[in-house]
Every structure is written in structure tokens, then in C-alpha cells.
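**Q** One structure is given below, represented as C-alpha cells, and several questions about it will come after.
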Amino acid sequence: MLKIATWNVNSLRVRLPQVLDWLAAHKPDALCLQELKMEDKAFPLAEIQAAGYHAVFSGQKTWNGVAILAPTPPENPLYGIPGFKDEQKRVIAATVAGLRIVCAYFPNGQSLDSDKYAYKLAWIEALTLWLKNEVLPAYPRFLLAGDFNIAPEEADAHPDWKSDIIVSPPERAAFKALIGCGLVDAFRLFDSSENAYSWWDYRTNGFSRNFGMRIDHILVSEPLRQACRGCAVDKAPRGLERPSDHAPVVLDLAAV
DNA sequence: ATGGCGCATGGAATGCGA
């Protein structure tokens with residue numbers, strides 16, 4: 001069985017002890033991280049290697065930043081979306097355990113009238129075209145994991161969520177177009193509705209009153225669908241002292 | 001219950017995230 005996980009850590013500098021604990025406890029075959037919020041020269045490679053993991057990473061100061069950790073060296077790393085000029089470090093790809101993995105931190109968008117919203121939609125379109133035209137044809141055993149900043153369905157957002165961002169029809173249409181490339185939302189293959197959310201607001205005790213959304217996802221290619229054995233949110237890290245506002249999403253995959 | 005938290009920058013107050 002392979003265990004593949006994704007976790008927006010909201011600063012790897014702050015969350016490194018929790019990440020190391022989580023690696024030791026769960027021993028994932030791949031862990032995708034987002035929001036490192038650090039430059040590559042600050043990446044804690046020595047600590048991660050001491051924990052028995054290798055890493056490929058793409059960071060920047062203050063914002064964004066993505067990484068893939070694995071017990072064997074991730075192969076053929078690729079940084080960013082080819083042909084899409086972007087200063088923001090949001091995408092890293094690598095091959096682990098015979099799986100092509102794209103780890104992505106989708107733009108937030110901020111609000112529907114923001115330039116960041118237009119950037120979000122353009123970014124998703126570029127990602128979709130790249131996956132459809134280049135990645136999926138080359139790598140049948142493929143998965144896309146990360147923080148999508150989209151709650152795909154009504155059930156994926158708390159009813160009290162009042163903002164348009166994250167749940168707007170164009171964002172949900174973009175998610176469907178992405179799925180339409182030949183991908184499956186692994187979480188929805190299983191009845192795990194009690195763990196429906198992957199993010200909870202830091203404000204107003206969001207976690208204790210379950211004010212959250214499911215915005216972290218693992219999408220798998222059709223050839224991997226039959227190998228999926230389970231997919232769930234691990235809520236435990238969200239309850240720790242000084243947590244990330246996101247919890248890990250974990251996929252169990254039968255070895256093929 | 002969305003001003004209300006947490007993080008980074010810079011060394012206080014502000015911008016951003018979702």
C-alpha cells in the first residue's frame with residue numbers, strides 16, 4: 001500500500017516540528033507541502049534528511065512555496081507550469097514510486113473583483129491545458145495534490161461561508177474542467193463525509209465549531225482509480241498547539 | 001461569529017490568506 005498526502009503548512013519554518021512528527025507517525029510514501037513561505041536557501045533539508053526523507057522544493061520569500069518529500073529521491077523534478085510565466089512558486093512535479101505527482105498551491109483570488117481573481121482563473125486554465133496536453137499523455141499513473149482554494153460542491157463549504165471567493169461558479173467550473181481532463185476526486189470515491197473539511201478559519205474558533213471548507217484535494221488519473229483504497233482528512237494536526245489552518249489529506253493507494 | 005487569527009516583514013503597522 002502506498003500512502004500519498006498533501007498538507008498546506010502555512011510556514012514550514014513554524015510547522016517543521018509538526019511535519020517531522022507527522023512523517024515519523026505516518027511514514028508516507030510522498031508528502032506534498034504548500035505555503036512554505038521561505039526561500040530555497042532556508043529550506044530545512046538537513047532536518048528532513050535526518051528524518052529519512054528526500055525533498056524537491058521551490059520556494060520564495062514570504063509567500064507560496066511548494067515541496068515534495070519522499071523516502072526515495074523524487075525523480076525528474078519540474079518547476080512551475082511550462083510556458084506560463086509566473087514569479088509565484090506554486091507548482092512542483094516529480095516522480096515517486098512510479099507515480100507522477102504534481103504538487104500545486106492554487107491562487108487564493110482574494111475577491112471576485114480583484115486582479116488576483118483573474119490571475120487565479122488564468123492560472124488554473126494554464127495548469128489544466130498543461131496536464132491535459134502534456135502530463136497525462138506522458139504519465140498514465142498521475143496524481144494532482146495540493147491546496148486548490150476551491151470548494152468544489154456545496155457540501156464542501158460550511159453553510160455560513162458568506163464570501164464569494166472559493167465557491168464562485170467560475171471557480172467551480174474551472175475545477176470541473178480540470179476533472180474533465182480525466183481525473184477523479186479521490187476523496188469522493190469514499191464515504192468520508194464526517195471529515196468533510198480540510199481547512200478551518202483561525203478566527204472565531206473556526207475549528208471547534210467546524211467552520212471550514214474542503215479545499216485541499218488529491219485528484220488521480222483514471223488508471224489509478226481502481227487502486228484507491230481510502231482518502232480522508234487527518235484532523236489531528238489541526239488540533240495541536242500553533243497549528244496550520246489546513247489539515248493533511250491522505251490517500252491510500254494499492255501498489256499496482 | 002468574517003475587524004475579531006496567524007504569518008511575514010521589520011522592528012510598528014500593514015498586507016494577505018480563505
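Residue numbering restarts at 1 in every chain; chains get A, B, ... in the order shown in the C-alpha cells, and ligands count up from 1 in that same order.
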Contacts from chain A to chain B, 6 Å maximum, only C-alpha atoms (C1' of nucleotides): show me the residue list as an MDAnalysis selection string.
**A** chainID A and resid 62 202:204
**Q** Keeping N, CA and C atoms for every residue in the selection just given, could you write it to a file as a short mmCIF file (atom, residue, chain, number, x, y, z; two decimals), in the first residue's frame?
**A**
data_model
loop_
_atom_site.label_atom_id
_atom_site.label_comp_id
_atom_site.auth_asym_id
_atom_site.auth_seq_id
_atom_site.Cartn_x
_atom_site.Cartn_y
_atom_site.Cartn_z
N THR A 62 8.45 35.01 1.84
CA THR A 62 7.16 35.46 2.36
C THR A 62 5.95 34.65 1.93
N TYR A 202 -8.82 30.38 11.33
CA TYR A 202 -8.15 30.68 12.60
C TYR A 202 -9.04 31.54 13.50
N ARG A 203 -9.82 32.40 12.87
CA ARG A 203 -10.63 33.35 13.64
C ARG A 203 -11.88 32.69 14.20
N THR A 204 -12.38 33.28 15.24
CA THR A 204 -13.68 32.89 15.81
C THR A 204 -13.77 31.38 16.07
#
**Q** If you run DSSP on the backbone here, which positions in stretch 16-192 of chain A get alpha helix (DSSP H)? Please write them as a PDB file with C-alpha atoms, in the first residue's frame.
**A**
ATOM      1  CA  LEU A  16       8.672  21.923  10.787  1.00  0.00           C
ATOM      2  CA  PRO A  17       8.389  20.101  14.141  1.00  0.00           C
ATOM      3  CA  GLN A  18       4.826  19.073  13.293  1.00  0.00           C
ATOM      4  CA  VAL A  19       5.872  17.926   9.818  1.00  0.00           C
ATOM      5  CA  LEU A  20       8.704  15.808  11.233  1.00  0.00           C
ATOM      6  CA  ASP A  21       6.353  14.285  13.816  1.00  0.00           C
ATOM      7  CA  TRP A  22       3.790  13.565  11.118  1.00  0.00           C
ATOM      8  CA  LEU A  23       6.376  11.878   8.872  1.00  0.00           C
ATOM      9  CA  ALA A  24       7.503   9.670  11.738  1.00  0.00           C
ATOM     10  CA  ALA A  25       3.962   8.736  12.711  1.00  0.00           C
ATOM     11  CA  HIS A  26       2.525   8.102   9.239  1.00  0.00           C
ATOM     12  CA  LEU A  45      16.781  19.853   4.077  1.00  0.00           C
ATOM     13  CA  ALA A  46      19.135  18.537   6.771  1.00  0.00           C
ATOM     14  CA  GLU A  47      16.335  18.017   9.265  1.00  0.00           C
ATOM     15  CA  ILE A  48      14.173  16.311   6.661  1.00  0.00           C
ATOM     16  CA  GLN A  49      17.021  14.047   5.576  1.00  0.00           C
ATOM     17  CA  ALA A  50      17.707  13.187   9.200  1.00  0.00           C
ATOM     18  CA  ASP A 115      -6.779  41.174 -10.309  1.00  0.00           C
ATOM     19  CA  LYS A 116      -5.820  38.154  -8.205  1.00  0.00           C
ATOM     20  CA  TYR A 117      -9.095  36.507  -9.148  1.00  0.00           C
ATOM     21  CA  ALA A 118      -8.398  36.902 -12.869  1.00  0.00           C
ATOM     22  CA  TYR A 119      -4.921  35.530 -12.227  1.00  0.00           C
ATOM     23  CA  LYS A 120      -6.423  32.567 -10.377  1.00  0.00           C
ATOM     24  CA  LEU A 121      -8.657  31.619 -13.309  1.00  0.00           C
ATOM     25  CA  ALA A 122      -5.872  32.111 -15.874  1.00  0.00           C
ATOM     26  CA  TRP A 123      -3.507  30.058 -13.721  1.00  0.00           C
ATOM     27  CA  ILE A 124      -5.981  27.181 -13.448  1.00  0.00           C
ATOM     28  CA  GLU A 125      -6.583  27.244 -17.199  1.00  0.00           C
ATOM     29  CA  ALA A 126      -2.838  27.057 -17.868  1.00  0.00           C
ATOM     30  CA  LEU A 127      -2.490  24.183 -15.391  1.00  0.00           C
ATOM     31  CA  THR A 128      -5.404  22.345 -16.985  1.00  0.00           C
ATOM     32  CA  LEU A 129      -4.038  22.658 -20.529  1.00  0.00           C
ATOM     33  CA  TRP A 130      -0.589  21.527 -19.428  1.00  0.00           C
ATOM     34  CA  LEU A 136      -1.462  12.898 -18.666  1.00  0.00           C
ATOM     35  CA  PRO A 137      -0.461  11.559 -22.093  1.00  0.00           C
ATOM     36  CA  ALA A 138       3.086  11.003 -20.834  1.00  0.00           C
ATOM     37  CA  PRO A 169     -19.382  29.460 -10.137  1.00  0.00           C
ATOM     38  CA  PRO A 170     -16.356  30.264 -12.354  1.00  0.00           C
ATOM     39  CA  GLU A 171     -14.010  28.654  -9.824  1.00  0.00           C
ATOM     40  CA  ARG A 172     -16.212  25.576  -9.599  1.00  0.00           C
ATOM     41  CA  ALA A 173     -16.451  25.443 -13.384  1.00  0.00           C
ATOM     42  CA  ALA A 174     -12.658  25.581 -13.572  1.00  0.00           C
ATOM     43  CA  PHE A 175     -12.462  22.675 -11.116  1.00  0.00           C
ATOM     44  CA  LYS A 176     -14.867  20.672 -13.275  1.00  0.00           C
ATOM     45  CA  ALA A 177     -12.816  21.421 -16.364  1.00  0.00           C
ATOM     46  CA  LEU A 178      -9.754  20.167 -14.537  1.00  0.00           C
ATOM     47  CA  ILE A 179     -11.567  16.969 -13.551  1.00  0.00           C
TER      48      ILE A 179
END
**Q** So how many Å separate atom CA of A:Asp191 and atom CA of A:Arg229, to one decimal?
**A** 11.6 Å
**Q** Output as a PyMOL selection string all residues of stretch 12-233 of chain A that backbone DSSP marks as strand (DSSP E or B).
**A** chain A and resi 30-34+54-58+66-70+75-79+91-96+99-105+142-147+157+183-185+199-200+212-213+216-221+228-233
**Q** Hey, what's within 6 Å of stretch 87-100 of chain A if we count only C-alpha atoms (C1' of nucleotides) and toss same-chain stuff fewer than 6 positions away? As a list of chain:residue names, please?
**A**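 The contact residues come out as A:Gly59, A:Asn64, A:Gly65, A:Pro74, A:Glu75, A:Asn76, A:Pro77, A:Leu78, A:Tyr79, A:Gly80, A:Arg141, A:Phe142.
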**Q** Restricting it to C-alpha atoms, dump the selection as an mmCIF file, in the first residue's frame.
**A**
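Saved the output as out_8.cif:
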data_model
loop_
_atom_site.group_PDB
_atom_site.id
_atom_site.type_symbol
_atom_site.label_atom_id
_atom_site.label_comp_id
_atom_site.auth_asym_id
_atom_site.auth_seq_id
_atom_site.Cartn_x
_atom_site.Cartn_y
_atom_site.Cartn_z
ATOM 1 C CA GLY A 59 10.293 28.451 -2.547
ATOM 2 C CA ASN A 64 3.803 30.489 -1.650
ATOM 3 C CA GLY A 65 6.417 27.750 -1.964
ATOM 4 C CA PRO A 74 11.928 12.313 -6.197
ATOM 5 C CA GLU A 75 12.872 11.891 -9.864
ATOM 6 C CA ASN A 76 12.681 14.214 -12.858
ATOM 7 C CA PRO A 77 11.620 17.316 -10.908
ATOM 8 C CA LEU A 78 9.945 20.097 -12.850
ATOM 9 C CA TYR A 79 9.242 23.577 -11.521
ATOM 10 C CA GLY A 80 6.252 25.712 -12.475
ATOM 11 C CA ARG A 141 -0.171 6.920 -13.438
ATOM 12 C CA PHE A 142 -0.670 10.523 -12.362
#
**Q** Just the residues within 6 Å of A:Ala67, please, counting only C-alpha atoms (C1' of nucleotides), with nothing from its chain fewer than 3 positions along; format it as a JSON list (two decimals) with N, CA and C atoms, in the first residue's frame.
**A**
[["chain", "number", "residue", "atom", "x", "y", "z"],
["A", 32, "CYS", "N", 3.23, 16.05, -0.10],
["A", 32, "CYS", "CA", 3.25, 17.32, -0.83],
["A", 32, "CYS", "C", 2.98, 18.45, 0.16],
["A", 33, "LEU", "N", 3.82, 19.47, 0.14],
["A", 33, "LEU", "CA", 3.66, 20.60, 1.05],
["A", 33, "LEU", "C", 3.41, 21.88, 0.25],
["A", 56, "VAL", "N", 12.32, 17.62, -2.99],
["A", 56, "VAL", "CA", 12.50, 18.64, -4.03],
["A", 56, "VAL", "C", 11.59, 19.80, -3.64],
["A", 57, "PHE", "N", 12.03, 21.02, -3.91],
["A", 57, "PHE", "CA", 11.27, 22.16, -3.39],
["A", 57, "PHE", "C", 11.49, 23.38, -4.27]]
**Q** Excluding A:Leu189 and its own-chain neighbours fewer than 5 positions away, which residues fall within 12 Å of it when counting only C-alpha atoms (C1' of nucleotides)? Please give them as a ChimeraX atom specification.
**A** /A:183-184,218-220,224-232,251-252
**Q** Of the candidates A:Ser111, A:Ile101, A:Ser244, A:Asp185, which one gets nearest to A:Glu35 if we count only C-alpha atoms?
**A** A:Ser244
**Q** Just the number, please: distance in Å from atom CA of A:Ala196 to atom CA of A:Arg214, one decimal.
**A**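 Atom-to-atom, atom CA of A:Ala196 and atom CA of A:Arg214 are spaced 6.1 Å apart.
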**Q** Atom CA of A:Ile81 and atom CA of A:Gly182, how far apart in Å?
**A**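 About the pair atom CA of A:Gly182 and atom CA of A:Ile81: they are 18.6 Å apart.
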